[in-house]
Amino acid sequence: MNDINFIVPKLIFTSTNLPILPEIILILNLIAIIAIDLSNKGKNTTLLYKISLVSLFVSAVILVCQWEFSILSERSHASDFSNIFRFFLLICSLLSVSLSVDYILCSKVALAEFLLFKLTAGLGGMVLSCANDLVTIYVSLELLALSSCFLSGYTKRDVRSNEASMKFLSMGGASSSFLLYGFSPLYGPSGGQLQLNETVDKLLVNQYFSITYVSAAFITAGTAFKLSLFPFHQWTPDVYEGSPTPVVAFLSVTSKVAAPASFTRLFGLIFPYLSNEWHAAVGLLATFSMILGNLIAVTQRSIKRMLAYPSISQIGYIMIGVLAADSGNGYASMITYTFIYIFMNLGTFARITPFGLRTGTDNIRDYAGLYMKDPVLTFSPVLRSPSLGGMPPPSGFFGKLYLFWHGWKAGSYPSVPVALVTSVISIYYYLKIIKSMFTGKSGRSDTPKTSRQNSLVSPSISISKNSLEIVMIIRAIASTLSGIFIDPIIEITRNTFF
C-alpha cells in the first residue's frame with residue numbers, strides 16, 4: 001500500500017513535467033502497430049484498431065491533466081494555446097479512426113499501414129501546434145503533409161486516388177518551398193537563431209524591416225497552401241474527390257486545426273509589429289475564400305467535391321477569429337468555432353462513408369429518397385447540415401455568432417458582412433441535399449452495388465455493422481450540445497493570447 005502511495009504521485013509528477021508525453025505514447029503505439037502487424041504476417045486484425053483508440057484516449061487524458069496542472073501553476077498562455085490544439089488533434093484522430101475501420105475492412109486494404117499513416121499525421125500536427133523553432137515547425141509540417149499525401153493515395157487501384165495523391169504531393173512541395181523561402185530571410189539577419197522568441201528579438205534589434213516583409217509574404221503564401229486559402233486552394237477539390245472518404249474526413253479537420261495553430265503562432269510571435277500589414281492581407285484572402293468556396297459549392301454534383309469548397313470558406317471564417325484576437329478574449333472565438341467545426345464536419349463524413357460503402361457512389365443525385373431506405377442515415381444531416389450553414393438552434397449558429405461578433409468588434413468590417421451573406425448561401429446547398437433525401441425519387445437501384453460491398457466483408461470481422469451509425473448519432477448529439485454549453489467552452493479558451 002505504501003508503494004502505491006509512493007508510485008502514484010511520482011507518476012503524476014512525471015506526466016505533468018514531461019510535456020511531450022502524449023506524443024511519446026503515440027510513438028510507442030506506432031511501434032506496437034508495426035510489431036503486431038509483423039507478428040500477424042500482415043493480416044488485418046481489430047486489435048490494431050483497439051490499441052490505436054486506447055492510445056489516443058490515454059494521450060488525451062494525460063494532456064488534459066497536464067493542461068489542468070499548467071492552469072494551477074499559472075504557466076504561460078502560449079502553453080494553453082498549444083495544449084488546446086493538441087487536444088483537438090487527438091479528438092480528430094480518435095473520431096476519424098473510429099470512422100475509418102469499417103471502410104478499410106470492407107475495402108480489404110491493409111489496416112496497419114492506414115493506422116500508421118493516420119497516427120503519424122496526427123503526431124505531426126500535435127508537434128506543429130507546440131513547435132517553438134523554425135526547424136521543428138518545418139519538419140512537423142512535412143510529417144503531417146507527407147502522411148496525408150500517402151493516405152490520399154491509399155486505394156492504389158483507384159485512378160482518382162492516385163491522381164489525388166500526385167496533386168497533393170506536387171502542391172505540397174510547392175508550399176514547402178515557399179515556406180522555406182520565408183524562413184531563410186529570418187535565419188540570417190537574426191544571427192542564426194531558430195527559436196521564435198529569439199528570432200524576433202534579433203530582428204527588432206537589427207531593424208531588417210525590408211527583409212522581414214519578404215519573409216512574411218513567403219510564409220503567408222506557404223501557409224495559405226496548407227490552409228486552402230484563395231488563391232492557393234486549387235488542390236483541395238481534386239484531393240477531396242479522389243481520396244477515400246475516411247481520409248477526406250481526417251484531412252478536412254486536421255488541416256483546419258494544425259495549420260491555423262501554426263499560422264497563429266508564427267505571425268503572433270515573429271511579426272507582431274507587422275500586424276496591420278498581415279491582418280489586411282489575410283483578411284483579403286479570407287474574404288475571397290468565403291465568396292469563392294460558397295458560390296462554387298452550389299454547382300457541384302459530387303458530395304465530396306461539394307464539401308471541399310465549403311471547407312475553403314470555413315477556413316475563411318476561422319481566419320476572422322485569428323484576426324479578431326485581443327488581450328481580453330485571446331483567440332477564444334477562433335478556438336470555439338474550430339471545436340464546434342470538428343464535430344460538425346466529422347459527423348457529415350460519418351454520413352457519407354456508409355452511404356458510399358453501400359452504394360459505391362458519391363453523386364448528390366443518388367441521395368434522393370434516402371429517408372425511405374435508411375432513416376438513421378438521414379437523421380445525422382438533418383441536425384448537422386443546418387449547423388454547418390449557421391442556422392439556429394444547432395451549435396454552428398452560436399459558433400458563427402460569437403465569431404462574427406468578435407470579428408466586427410475587432411474591425412473586420414469588410415470580412416464579417418461577406419461572411420454573413422456567404423453563410424446564407426451555404427444554407428441553400430445544405431438544405432437542398434436534405435430536401436432531396438426526404439422528397440426526391442431515386443432513379444437508380446443500388447442493390448447490386450450493396451450486395452457487392454457486403455460481399456467484401458470478411459465473416460471474421462467482429463466490428464458491428466452499425467458502428468458507423470452509432471458514431472454518427474454520437475457526433476450529431478455532440479455537435480448540438482456544444483452549442484447549448486458554449487459558455488463554458490468560451491471561458492476555457494479566453495486566456496490564450498500571446
# chains A, B, ... in the order shown; residues from 1 in each chain; ligands from 1
>>> closest_atom_pairs(of="range 321-365 of chain A", to="range 298-308 of chain A", cutoff="6 Å", atoms="only C-alpha atoms", output="CSV")
residue,atom,partner,partner_atom,distance
A:Asp362,CA,A:Ile303,CA,5.6
A:Asn363,CA,A:Ser302,CA,4.6
A:Ile364,CA,A:Ile303,CA,5.4
>>> residues_around(residues="Phe250 in chain A", least_positions_apart="5", cutoff="12 Å", atoms="only C-alpha atoms", output="PyMOL selection string")
chain A and resi 89-100+114-115+117-119+121-122+125+144+147-149+151-152+240+243-245+255-258+342-343+345-350
>>> residues_around(residues="Gly293 in chain A", least_positions_apart="2", cutoff="9 Å", atoms="only C-alpha atoms", output="number ranges by chain")
A: 230, 288-291, 295-297, 308-314, 422
>>> residues_around(residues="range 385-389 of chain A", least_positions_apart="5", cutoff="9 Å", atoms="only C-alpha atoms", output="list of chain:residue names")
A:Pro310, A:Gln314, A:Tyr341, A:Met344, A:Asn345, A:Thr348, A:Ser380, A:Pro394, A:Ser395, A:Gly396, A:Phe397, A:Ser423, A:Val424, A:Ile425, A:Ser426, A:Ile427, A:Tyr428, A:Tyr429, A:Tyr430, A:Leu431, A:Ile433, A:Ile434, A:Ser479, A:Thr480
>>> closest_residue(among="A:Val58, A:Leu403, A:Leu266, A:Ala217", to="Val416 in chain A", atoms="only C-alpha atoms")
A:Leu403
>>> select_by_dssp(residues="range 13-225 of chain A", states="alpha helix (DSSP H)", output="MDAnalysis selection string")
chainID A and resid 13:16 21:39 46:72 77:107 111:130 134:152 159:187 196:206 209:225
>>> residues_around(residues="Leu284 in chain A", least_positions_apart="5", cutoff="9 Å", atoms="only C-alpha atoms", output="ChimeraX atom specification")
/A:279,289,414-415
>>> write_last_selection(atoms="N, CA, C and O atoms", output="compact mmCIF listing (two decimals), in the first residue's frame")
# COMPACT_ATOMS: atom_id res chain seq x y z
N HIS A 279 -2.60 41.46 -41.22
CA HIS A 279 -4.04 41.41 -40.98
C HIS A 279 -4.81 41.79 -42.24
O HIS A 279 -5.81 41.14 -42.58
N SER A 289 -11.89 33.70 -50.10
CA SER A 289 -12.10 32.28 -49.86
C SER A 289 -13.57 32.00 -49.53
O SER A 289 -14.14 31.01 -50.01
N PRO A 414 -15.01 44.63 -43.66
CA PRO A 414 -15.32 44.02 -44.96
C PRO A 414 -15.61 42.53 -44.85
O PRO A 414 -16.47 42.00 -45.57
N SER A 415 -14.89 41.81 -43.97
CA SER A 415 -14.99 40.35 -43.93
C SER A 415 -16.27 39.85 -43.29
O SER A 415 -16.88 38.87 -43.76
>>> atom_distance(atom1="CA of Tyr103 in chain A", atom2="CA of Ile24 in chain A")
28.1 Å
>>> atom_distance(atom1="CA of Pro354 in chain A", atom2="CA of Phe168 in chain A")
25.2 Å
>>> atom_distance(atom1="CA of Leu179 in chain A", atom2="CA of Ile219 in chain A")
5.0 Å
>>> closest_residue(among="A:Pro237, A:Pro246, A:Gly182, A:Gly411", to="Asn276 in chain A", atoms="only C-alpha atoms")
A:Gly411
>>> residues_around(residues="range 25-40 of chain A", least_positions_apart="6", cutoff="8 Å", atoms="only C-alpha atoms", output="PyMOL selection string")
chain A and resi 48+51-52+55-56+59+112+116+119-120+123
>>> write_last_selection(atoms="N, CA, C and O atoms", output="PDB file, in the first residue's frame")
ATOM      1  N   LEU A  48      -5.369  -4.000 -33.708  1.00  0.00           N
ATOM      2  CA  LEU A  48      -4.682  -2.762 -34.092  1.00  0.00           C
ATOM      3  C   LEU A  48      -5.589  -1.560 -33.894  1.00  0.00           C
ATOM      4  O   LEU A  48      -5.170  -0.514 -33.394  1.00  0.00           O
ATOM      5  N   ILE A  51      -6.055  -0.918 -30.069  1.00  0.00           N
ATOM      6  CA  ILE A  51      -4.853  -0.344 -29.463  1.00  0.00           C
ATOM      7  C   ILE A  51      -4.724   1.126 -29.839  1.00  0.00           C
ATOM      8  O   ILE A  51      -4.367   1.967 -29.005  1.00  0.00           O
ATOM      9  N   SER A  52      -5.027   1.461 -31.087  1.00  0.00           N
ATOM     10  CA  SER A  52      -4.942   2.851 -31.531  1.00  0.00           C
ATOM     11  C   SER A  52      -5.921   3.733 -30.775  1.00  0.00           C
ATOM     12  O   SER A  52      -5.572   4.835 -30.332  1.00  0.00           O
ATOM     13  N   SER A  55      -4.673   4.173 -27.115  1.00  0.00           N
ATOM     14  CA  SER A  55      -3.514   5.074 -27.016  1.00  0.00           C
ATOM     15  C   SER A  55      -3.923   6.531 -27.219  1.00  0.00           C
ATOM     16  O   SER A  55      -3.437   7.428 -26.521  1.00  0.00           O
ATOM     17  N   LEU A  56      -4.838   6.776 -28.153  1.00  0.00           N
ATOM     18  CA  LEU A  56      -5.314   8.136 -28.378  1.00  0.00           C
ATOM     19  C   LEU A  56      -6.088   8.647 -27.170  1.00  0.00           C
ATOM     20  O   LEU A  56      -5.951   9.813 -26.768  1.00  0.00           O
ATOM     21  N   SER A  59      -3.615   9.355 -24.334  1.00  0.00           N
ATOM     22  CA  SER A  59      -2.888  10.592 -24.630  1.00  0.00           C
ATOM     23  C   SER A  59      -3.741  11.817 -24.341  1.00  0.00           C
ATOM     24  O   SER A  59      -3.255  12.815 -23.796  1.00  0.00           O
ATOM     25  N   ALA A 112      -3.047  -1.876 -40.959  1.00  0.00           N
ATOM     26  CA  ALA A 112      -1.893  -1.434 -40.165  1.00  0.00           C
ATOM     27  C   ALA A 112      -1.264  -0.183 -40.760  1.00  0.00           C
ATOM     28  O   ALA A 112      -0.995   0.792 -40.047  1.00  0.00           O
ATOM     29  N   LEU A 116      -1.073   3.551 -39.295  1.00  0.00           N
ATOM     30  CA  LEU A 116       0.269   4.105 -39.137  1.00  0.00           C
ATOM     31  C   LEU A 116       0.349   5.508 -39.722  1.00  0.00           C
ATOM     32  O   LEU A 116       0.831   6.448 -39.071  1.00  0.00           O
ATOM     33  N   LEU A 119      -2.038   8.040 -37.673  1.00  0.00           N
ATOM     34  CA  LEU A 119      -1.497   8.448 -36.379  1.00  0.00           C
ATOM     35  C   LEU A 119      -0.227   9.288 -36.544  1.00  0.00           C
ATOM     36  O   LEU A 119       0.033  10.197 -35.750  1.00  0.00           O
ATOM     37  N   THR A 120       0.549   8.990 -37.583  1.00  0.00           N
ATOM     38  CA  THR A 120       1.739   9.802 -37.854  1.00  0.00           C
ATOM     39  C   THR A 120       1.346  11.221 -38.244  1.00  0.00           C
ATOM     40  O   THR A 120       1.988  12.196 -37.824  1.00  0.00           O
ATOM     41  N   LEU A 123       0.320  12.939 -35.132  1.00  0.00           N
ATOM     42  CA  LEU A 123       1.517  13.254 -34.350  1.00  0.00           C
ATOM     43  C   LEU A 123       2.220  14.489 -34.903  1.00  0.00           C
ATOM     44  O   LEU A 123       2.644  15.378 -34.146  1.00  0.00           O
TER      45      LEU A 123
END
>>> closest_residue(among="A:Leu143, A:Cys65, A:Ile352, A:Val101", to="Val248 in chain A", atoms="only C-alpha atoms")
A:Ile352
